[in-house]
$ cat input-v8.cif   # mmCIF, C-alpha atoms
data_model
loop_
_atom_site.group_PDB
_atom_site.id
_atom_site.type_symbol
_atom_site.label_atom_id
_atom_site.label_comp_id
_atom_site.auth_asym_id
_atom_site.auth_seq_id
_atom_site.Cartn_x
_atom_site.Cartn_y
_atom_site.Cartn_z
ATOM 1 C CA MET A 1 -55.951 -1.951 11.667
ATOM 2 C CA LYS A 2 -55.573 -5.451 10.299
ATOM 3 C CA ARG A 3 -53.815 -4.070 7.217
ATOM 4 C CA GLN A 4 -51.389 -2.044 9.337
ATOM 5 C CA SER A 5 -50.490 -5.164 11.329
ATOM 6 C CA SER A 6 -49.905 -7.091 8.116
ATOM 7 C CA ASP A 7 -47.746 -4.316 6.681
ATOM 8 C CA SER A 8 -45.737 -4.166 9.911
ATOM 9 C CA ARG A 9 -45.074 -7.931 9.853
ATOM 10 C CA PHE A 10 -44.082 -7.783 6.195
ATOM 11 C CA LEU A 11 -41.706 -4.869 6.875
ATOM 12 C CA ARG A 12 -40.047 -6.772 9.754
ATOM 13 C CA LEU A 13 -39.693 -9.845 7.523
ATOM 14 C CA TYR A 14 -38.227 -7.727 4.755
ATOM 15 C CA GLU A 15 -35.819 -6.046 7.189
ATOM 16 C CA TRP A 16 -34.661 -9.451 8.454
ATOM 17 C CA CYS A 17 -34.113 -10.637 4.877
ATOM 18 C CA LEU A 18 -31.860 -7.633 4.278
ATOM 19 C CA SER A 19 -29.574 -8.916 7.032
ATOM 20 C CA LEU A 20 -28.772 -11.865 4.748
ATOM 21 C CA TYR A 21 -26.986 -9.601 2.272
ATOM 22 C CA PRO A 22 -23.182 -9.290 2.378
ATOM 23 C CA PRO A 23 -21.928 -6.698 4.930
ATOM 24 C CA ALA A 24 -20.644 -4.240 2.307
ATOM 25 C CA PHE A 25 -23.985 -4.292 0.476
ATOM 26 C CA ARG A 26 -25.957 -3.856 3.702
ATOM 27 C CA HIS A 27 -23.809 -0.951 4.819
ATOM 28 C CA GLU A 28 -24.392 0.970 1.604
ATOM 29 C CA TYR A 29 -27.935 0.064 0.566
ATOM 30 C CA ARG A 30 -29.911 -1.166 3.603
ATOM 31 C CA ASP A 31 -31.276 2.202 4.757
ATOM 32 C CA PRO A 32 -32.342 3.441 1.291
ATOM 33 C CA ILE A 33 -34.053 0.118 0.527
ATOM 34 C CA LEU A 34 -35.926 0.130 3.831
ATOM 35 C CA GLN A 35 -37.006 3.711 3.303
ATOM 36 C CA THR A 36 -38.292 2.845 -0.171
ATOM 37 C CA MET A 37 -40.235 -0.073 1.295
ATOM 38 C CA ARG A 38 -41.735 2.123 4.031
ATOM 39 C CA ASP A 39 -42.799 4.667 1.419
ATOM 40 C CA ALA A 40 -44.404 1.911 -0.652
ATOM 41 C CA ILE A 41 -46.322 0.628 2.393
ATOM 42 C CA HIS A 42 -47.397 4.149 3.314
ATOM 43 C CA ASP A 43 -48.666 4.803 -0.236
ATOM 44 C CA GLY A 44 -50.593 1.531 -0.263
ATOM 45 C CA ALA A 45 -48.575 0.080 -3.131
ATOM 46 C CA LEU A 46 -48.335 -3.308 -1.345
ATOM 47 C CA GLN A 47 -52.013 -3.839 -0.636
ATOM 48 C CA TYR A 48 -52.266 -6.468 -3.339
ATOM 49 C CA PRO A 49 -50.830 -9.969 -2.544
ATOM 50 C CA HIS A 50 -49.162 -10.343 -5.942
ATOM 51 C CA ALA A 51 -47.077 -7.198 -5.249
ATOM 52 C CA ARG A 52 -45.634 -8.692 -2.084
ATOM 53 C CA PHE A 53 -45.041 -11.996 -3.846
ATOM 54 C CA ARG A 54 -43.156 -10.178 -6.573
ATOM 55 C CA ILE A 55 -41.032 -8.366 -3.996
ATOM 56 C CA ILE A 56 -40.151 -11.644 -2.223
ATOM 57 C CA ILE A 57 -39.132 -13.272 -5.533
ATOM 58 C CA ASP A 58 -36.959 -10.281 -6.443
ATOM 59 C CA LEU A 59 -35.454 -10.290 -2.956
ATOM 60 C CA ILE A 60 -34.499 -13.974 -3.161
ATOM 61 C CA SER A 61 -32.972 -13.457 -6.604
ATOM 62 C CA SER A 62 -31.013 -10.427 -5.399
ATOM 63 C CA LEU A 63 -29.794 -12.281 -2.280
ATOM 64 C CA CYS A 64 -28.452 -15.153 -4.382
ATOM 65 C CA LYS A 65 -26.812 -12.782 -6.835
ATOM 66 C CA GLU A 66 -25.084 -10.602 -4.225
ATOM 67 C CA ASN A 67 -23.884 -13.496 -2.066
ATOM 68 C CA LEU A 68 -22.519 -15.344 -5.083
ATOM 69 C CA ARG A 69 -20.754 -12.171 -6.191
ATOM 70 C CA MET A 70 -19.255 -11.755 -2.705
ATOM 71 C CA LEU A 71 -18.096 -15.373 -2.729
ATOM 72 C CA ARG A 72 -16.528 -14.915 -6.146
ATOM 73 C CA GLN A 73 -14.697 -11.792 -4.967
ATOM 74 C CA GLU A 74 -13.384 -13.530 -1.844
ATOM 75 C CA LEU A 75 -12.179 -16.495 -3.857
ATOM 76 C CA ALA A 76 -10.529 -14.159 -6.354
ATOM 77 C CA LYS A 77 -8.725 -12.299 -3.551
ATOM 78 C CA ARG A 78 -7.536 -15.536 -1.977
ATOM 79 C CA THR A 79 -6.380 -16.812 -5.363
ATOM 80 C CA ILE A 80 -4.441 -13.608 -5.994
ATOM 81 C CA LEU A 81 -2.824 -13.745 -2.553
ATOM 82 C CA PHE A 82 -1.975 -17.434 -2.960
ATOM 83 C CA GLN A 83 -0.419 -16.778 -6.349
ATOM 84 C CA ALA A 84 1.552 -13.861 -4.900
ATOM 85 C CA PHE A 85 2.816 -16.091 -2.077
ATOM 86 C CA LEU A 86 3.703 -18.831 -4.560
ATOM 87 C CA LEU A 87 5.565 -16.411 -6.837
ATOM 88 C CA THR A 88 7.424 -14.992 -3.831
ATOM 89 C CA ALA A 89 8.521 -18.481 -2.792
ATOM 90 C CA VAL A 90 9.586 -19.417 -6.341
ATOM 91 C CA CYS A 91 11.537 -16.175 -6.832
ATOM 92 C CA SER A 92 13.230 -16.541 -3.441
ATOM 93 C CA MET A 93 14.211 -20.145 -4.118
ATOM 94 C CA PHE A 94 15.508 -19.203 -7.572
ATOM 95 C CA ALA A 95 17.589 -16.335 -6.169
ATOM 96 C CA LEU A 96 18.949 -18.535 -3.378
ATOM 97 C CA ALA A 97 19.817 -21.343 -5.818
ATOM 98 C CA MET A 98 21.501 -18.886 -8.179
ATOM 99 C CA TYR A 99 23.651 -17.420 -5.408
ATOM 100 C CA ALA A 100 24.486 -20.824 -3.926
ATOM 101 C CA THR A 101 25.558 -22.154 -7.343
ATOM 102 C CA VAL A 102 27.830 -19.198 -8.099
ATOM 103 C CA GLN A 103 29.229 -19.129 -4.548
ATOM 104 C CA HIS A 104 30.016 -22.848 -4.670
ATOM 105 C CA ALA A 105 31.728 -22.499 -8.040
ATOM 106 C CA LEU A 106 33.827 -19.566 -6.837
ATOM 107 C CA ARG A 107 34.820 -21.237 -3.571
ATOM 108 C CA SER A 108 35.577 -24.601 -5.183
ATOM 109 C CA GLY A 109 37.668 -22.945 -7.877
ATOM 110 C CA ALA A 110 39.733 -21.219 -5.204
ATOM 111 C CA ASN A 111 41.184 -24.631 -4.226
ATOM 112 C CA ASP A 112 42.432 -25.668 -7.681
ATOM 113 C CA PRO A 113 46.027 -24.339 -7.564
ATOM 114 C CA GLN A 114 46.544 -25.588 -4.000
ATOM 115 C CA LEU A 115 45.449 -29.123 -4.891
ATOM 116 C CA GLN A 116 48.118 -29.334 -7.566
ATOM 117 C CA MET A 117 50.758 -27.648 -5.370
ATOM 118 C CA ALA A 118 50.090 -30.032 -2.467
ATOM 119 C CA ASP A 119 50.207 -33.134 -4.723
ATOM 120 C CA ASP A 120 53.473 -32.048 -6.315
ATOM 121 C CA ALA A 121 55.045 -31.155 -2.954
ATOM 122 C CA VAL A 122 54.036 -34.502 -1.398
ATOM 123 C CA ALA A 123 55.535 -36.394 -4.355
ATOM 124 C CA LEU A 124 58.865 -34.529 -4.043
ATOM 125 C CA LEU A 125 59.038 -34.867 -0.255
ATOM 126 C CA GLU A 126 58.382 -38.604 -0.422
ATOM 127 C CA GLN A 127 61.284 -38.839 -2.885
ATOM 128 C CA GLY A 128 63.564 -37.224 -0.289
ATOM 129 C CA ALA A 129 63.551 -33.595 -1.473
ATOM 130 C CA ASP A 130 64.430 -30.877 1.026
ATOM 131 C CA ALA A 131 61.424 -29.077 2.517
ATOM 132 C CA ALA A 132 63.093 -25.633 2.389
ATOM 133 C CA THR A 133 63.876 -26.087 -1.294
ATOM 134 C CA ILE A 134 60.284 -27.041 -2.098
ATOM 135 C CA VAL A 135 58.637 -24.086 -0.336
ATOM 136 C CA GLY A 136 61.152 -21.636 -1.830
ATOM 137 C CA SER A 137 62.999 -18.684 -0.389
ATOM 138 C CA ARG A 138 60.339 -16.052 -1.015
ATOM 139 C CA GLN A 139 58.452 -14.960 2.093
ATOM 140 C CA ILE A 140 54.776 -14.161 1.536
ATOM 141 C CA ASP A 141 52.822 -11.873 3.863
ATOM 142 C CA MET A 142 49.517 -13.697 4.434
ATOM 143 C CA VAL A 143 47.727 -10.452 5.316
ATOM 144 C CA ARG A 144 48.538 -8.564 2.109
ATOM 145 C CA SER A 145 49.614 -11.024 -0.560
ATOM 146 C CA LEU A 146 47.315 -13.008 -2.872
ATOM 147 C CA SER A 147 50.111 -15.382 -3.895
ATOM 148 C CA PRO A 148 49.780 -19.107 -3.169
ATOM 149 C CA PHE A 149 52.257 -20.565 -0.683
ATOM 150 C CA LEU A 150 53.492 -23.825 0.849
ATOM 151 C CA ILE A 151 54.156 -24.731 4.464
ATOM 152 C CA VAL A 152 55.661 -28.054 5.532
ATOM 153 C CA TYR A 153 54.948 -29.431 9.040
ATOM 154 C CA ASP A 154 56.337 -32.418 10.899
ATOM 155 C CA THR A 155 54.133 -35.185 12.321
ATOM 156 C CA ASN A 156 53.500 -33.108 15.467
ATOM 157 C CA GLY A 157 52.192 -30.163 13.478
ATOM 158 C CA GLU A 158 55.298 -28.025 13.986
ATOM 159 C CA PRO A 159 56.498 -25.917 11.001
ATOM 160 C CA VAL A 160 59.575 -27.281 9.239
ATOM 161 C CA ALA A 161 59.744 -24.833 6.350
ATOM 162 C CA SER A 162 57.377 -22.064 5.330
ATOM 163 C CA ALA A 163 56.950 -19.618 2.468
ATOM 164 C CA ALA A 164 54.251 -17.727 4.423
ATOM 165 C CA GLN A 165 54.592 -15.397 7.354
ATOM 166 C CA LEU A 166 51.936 -14.032 9.699
ATOM 167 C CA SER A 167 53.063 -11.495 12.296
ATOM 168 C CA GLY A 168 56.671 -12.612 11.747
ATOM 169 C CA HIS A 169 56.225 -16.385 12.079
ATOM 170 C CA ALA A 170 54.791 -19.396 10.282
ATOM 171 C CA PRO A 171 51.206 -20.023 11.455
ATOM 172 C CA THR A 172 49.926 -23.453 12.448
ATOM 173 C CA PRO A 173 46.341 -24.675 12.029
ATOM 174 C CA PRO A 174 44.608 -26.632 14.827
ATOM 175 C CA LEU A 175 45.788 -30.228 15.345
ATOM 176 C CA GLY A 176 42.336 -31.484 14.297
ATOM 177 C CA VAL A 177 43.143 -30.326 10.771
ATOM 178 C CA PHE A 178 46.102 -32.704 10.630
ATOM 179 C CA ARG A 179 44.148 -35.580 12.170
ATOM 180 C CA TYR A 180 41.410 -35.228 9.551
ATOM 181 C CA ALA A 181 44.025 -35.124 6.772
ATOM 182 C CA THR A 182 45.614 -38.331 8.128
ATOM 183 C CA GLU A 183 42.264 -40.143 8.262
ATOM 184 C CA HIS A 184 41.052 -38.988 4.832
ATOM 185 C CA GLN A 185 44.375 -38.496 2.995
ATOM 186 C CA ARG A 186 43.470 -34.858 2.393
ATOM 187 C CA ASN A 187 41.775 -31.950 4.130
ATOM 188 C CA VAL A 188 40.325 -29.099 2.046
ATOM 189 C CA LEU A 189 39.222 -26.241 4.282
ATOM 190 C CA THR A 190 38.868 -22.530 4.874
ATOM 191 C CA TRP A 191 41.509 -21.547 7.420
ATOM 192 C CA GLN A 192 41.347 -18.318 9.428
ATOM 193 C CA PRO A 193 44.658 -17.971 11.293
ATOM 194 C CA GLN A 194 43.643 -14.511 12.545
ATOM 195 C CA ARG A 195 40.762 -12.066 12.197
ATOM 196 C CA GLY A 196 40.501 -10.682 8.669
ATOM 197 C CA VAL A 197 42.743 -13.368 7.146
ATOM 198 C CA ARG A 198 40.955 -16.247 5.437
ATOM 199 C CA ILE A 199 42.870 -18.875 3.502
ATOM 200 C CA ALA A 200 41.720 -21.535 1.043
ATOM 201 C CA ALA A 201 43.936 -24.358 2.302
ATOM 202 C CA VAL A 202 44.697 -27.938 1.259
ATOM 203 C CA VAL A 203 46.500 -30.156 3.791
ATOM 204 C CA GLN A 204 47.982 -33.527 2.778
ATOM 205 C CA PRO A 205 50.113 -35.975 4.742
ATOM 206 C CA TYR A 206 53.283 -37.387 3.242
ATOM 207 C CA ALA A 207 55.308 -40.476 4.150
ATOM 208 C CA GLY A 208 58.996 -41.224 4.015
ATOM 209 C CA GLN A 209 61.984 -40.885 6.282
ATOM 210 C CA HIS A 210 60.782 -37.486 7.483
ATOM 211 C CA ALA A 211 56.992 -37.828 7.403
ATOM 212 C CA GLY A 212 54.701 -34.890 8.007
ATOM 213 C CA PHE A 213 52.177 -32.662 6.318
ATOM 214 C CA VAL A 214 52.072 -30.179 3.451
ATOM 215 C CA LEU A 215 49.769 -27.154 3.533
ATOM 216 C CA ALA A 216 49.133 -25.285 0.293
ATOM 217 C CA GLY A 217 47.110 -22.105 0.624
ATOM 218 C CA ARG A 218 46.207 -18.718 -0.777
ATOM 219 C CA SER A 219 44.115 -15.746 0.318
ATOM 220 C CA LEU A 220 40.359 -15.812 -0.246
ATOM 221 C CA ARG A 221 40.095 -12.023 -0.370
ATOM 222 C CA VAL A 222 39.395 -11.749 -4.111
ATOM 223 C CA VAL A 223 37.044 -14.744 -4.072
ATOM 224 C CA GLU A 224 35.066 -13.306 -1.164
ATOM 225 C CA ASP A 225 34.876 -9.920 -2.908
ATOM 226 C CA ARG A 226 33.357 -11.702 -5.894
ATOM 227 C CA GLU A 227 30.952 -13.582 -3.633
ATOM 228 C CA ALA A 228 29.861 -10.282 -2.069
ATOM 229 C CA ALA A 229 29.336 -8.756 -5.539
ATOM 230 C CA THR A 230 27.294 -11.796 -6.549
ATOM 231 C CA LEU A 231 25.189 -11.488 -3.397
ATOM 232 C CA ARG A 232 24.503 -7.820 -4.164
ATOM 233 C CA MET A 233 23.463 -8.597 -7.736
ATOM 234 C CA VAL A 234 21.244 -11.495 -6.667
ATOM 235 C CA GLY A 235 19.758 -9.344 -3.905
ATOM 236 C CA LEU A 236 18.928 -6.553 -6.364
ATOM 237 C CA ALA A 237 17.375 -9.081 -8.743
ATOM 238 C CA TRP A 238 15.313 -10.528 -5.873
ATOM 239 C CA PHE A 239 14.074 -7.100 -4.789
ATOM 240 C CA GLY A 240 13.175 -6.349 -8.406
ATOM 241 C CA MET A 241 11.166 -9.563 -8.697
ATOM 242 C CA MET A 242 9.430 -8.853 -5.383
ATOM 243 C CA ALA A 243 8.518 -5.353 -6.592
ATOM 244 C CA VAL A 244 6.953 -6.803 -9.740
ATOM 245 C CA VAL A 245 4.999 -9.408 -7.733
ATOM 246 C CA LEU A 246 3.784 -6.758 -5.266
ATOM 247 C CA ALA A 247 2.772 -4.321 -8.011
ATOM 248 C CA ALA A 248 0.944 -7.043 -9.950
ATOM 249 C CA THR A 249 -0.902 -8.175 -6.799
ATOM 250 C CA PHE A 250 -2.117 -4.673 -5.986
ATOM 251 C CA LEU A 251 -3.059 -4.107 -9.621
ATOM 252 C CA PHE A 252 -5.198 -7.260 -9.722
ATOM 253 C CA ILE A 253 -6.893 -6.318 -6.441
ATOM 254 C CA PHE A 254 -7.558 -2.802 -7.730
ATOM 255 C CA ILE A 255 -9.037 -4.139 -10.980
ATOM 256 C CA SER A 256 -11.140 -6.627 -9.039
ATOM 257 C CA ARG A 257 -12.570 -3.853 -6.861
ATOM 258 C CA LYS A 258 -13.282 -1.698 -9.904
ATOM 259 C CA GLU A 259 -15.159 -4.541 -11.571
ATOM 260 C CA SER A 260 -17.139 -5.111 -8.368
ATOM 261 C CA ALA A 261 -18.085 -1.435 -8.229
ATOM 262 C CA ILE A 262 -19.222 -1.520 -11.877
ATOM 263 C CA GLU A 263 -21.361 -4.611 -11.240
ATOM 264 C CA ILE A 264 -23.078 -2.888 -8.314
#
$ encode --input "input-v8.cif" --output "structure tokens"
Amino acid sequence: MKRQSSDSRFLRLYEWCLSLYPPAFRHEYRDPILQTMRDAIHDGALQYPHARFRIIIDLISSLCKENLRMLRQELAKRTILFQAFLLTAVCSMFALAMYATVQHALRSGANDPQLQMADDAVALLEQGADAATIVGSRQIDMVRSLSPFLIVYDTNGEPVASAAQLSGHAPTPPLGVFRYATEHQRNVLTWQPQRGVRIAAVVQPYAGQHAGFVLAGRSLRVVEDREAATLRMVGLAWFGMMAVVLAATFLFIFISRKESAIEI
């Protein structure tokens, strides 16, 4: 009777010690281990003190080993996920920087002819040249044409002479555009006189007997098509990099689980 009580206490202690194992280990091995221990108690294999002492030592060693292995696996998973997050951030920043650089170069380059045209027109107007002569006789349709054009305005922002036509008349930008050009000697902007028409414009004031403003502009349609193509290419490159990062992450997790299964 005394032996049965001792065996019962030892079995309860052993069962409690099994609760210290990692959840995955307990789920798979707890019942078989307990059954083996019950069989050993039933057969009288644990009647000697040194047998129980040996079991306790092995149990402590196994607990340390399994919990350290679990900790190593968790740290490995977190490291893999952190590295995946870091690579995602780096790839996204690289793609964004690449697109921003190309977009800025394309948009800035779209202003180059207009800067020269505006400077030349201002110089001629300040020397007394006729505005109609400077803008030329050719009429450019702002909706269809990609050709650069000049428009001359008076100090009130009213068109004096124009080489560009939009719906049969010379368009006028908001008065704030002229005020900014007066304060800063030049205004470089994207002008949208109507939906679907976007113009890379340069506005400069000029002095003289008939002071006013010169607007040099041209359509941004080709530039924006190139920007859209660049965005598509950068987007495809980004998706490709994300696919590689995702595949590598899952591969590392799969290998880690395989190694864990082999260790068990």
$ closest_residue --input "input-v8.cif" --among "A:His184, A:Tyr153, A:Arg198, A:Val234" --to "Arg107 (chain A)" --atoms "only C-alpha atoms"
A:Arg198
$ atom_distance --input "input-v8.cif" --atom1 "CA of Ala211 (chain A)" --atom2 "CA of Ala164 (chain A)"
20.5 Å
$ closest_residue --input "input-v8.cif" --among "A:Val143, A:Cys91, A:Leu63, A:Ala201" --to "Ala118 (chain A)" --atoms "all atoms listed in the file"
A:Ala201
$ closest_residue --input "input-v8.cif" --among "A:Tyr99, A:Phe213, A:Phe250, A:Phe149" --to "Gly235 (chain A)" --atoms "all atoms listed in the file"
A:Tyr99
$ resolve_selection --input "input-v8.cif" --expression "the PyMOL selection byres ((chain A and resi 114) around 7)" --output "VMD selection string"
chain A and resid 111 to 113 115 to 118 201 to 202 216 to 217
$ atom_distance --input "input-v8.cif" --atom1 "CA of Pro159 (chain A)" --atom2 "CA of Ala110 (chain A)"
23.8 Å
$ closest_residue --input "input-v8.cif" --among "A:Ile199, A:Leu11, A:Ala84, A:Val152" --to "Val223 (chain A)" --atoms "all atoms listed in the file"
A:Ile199
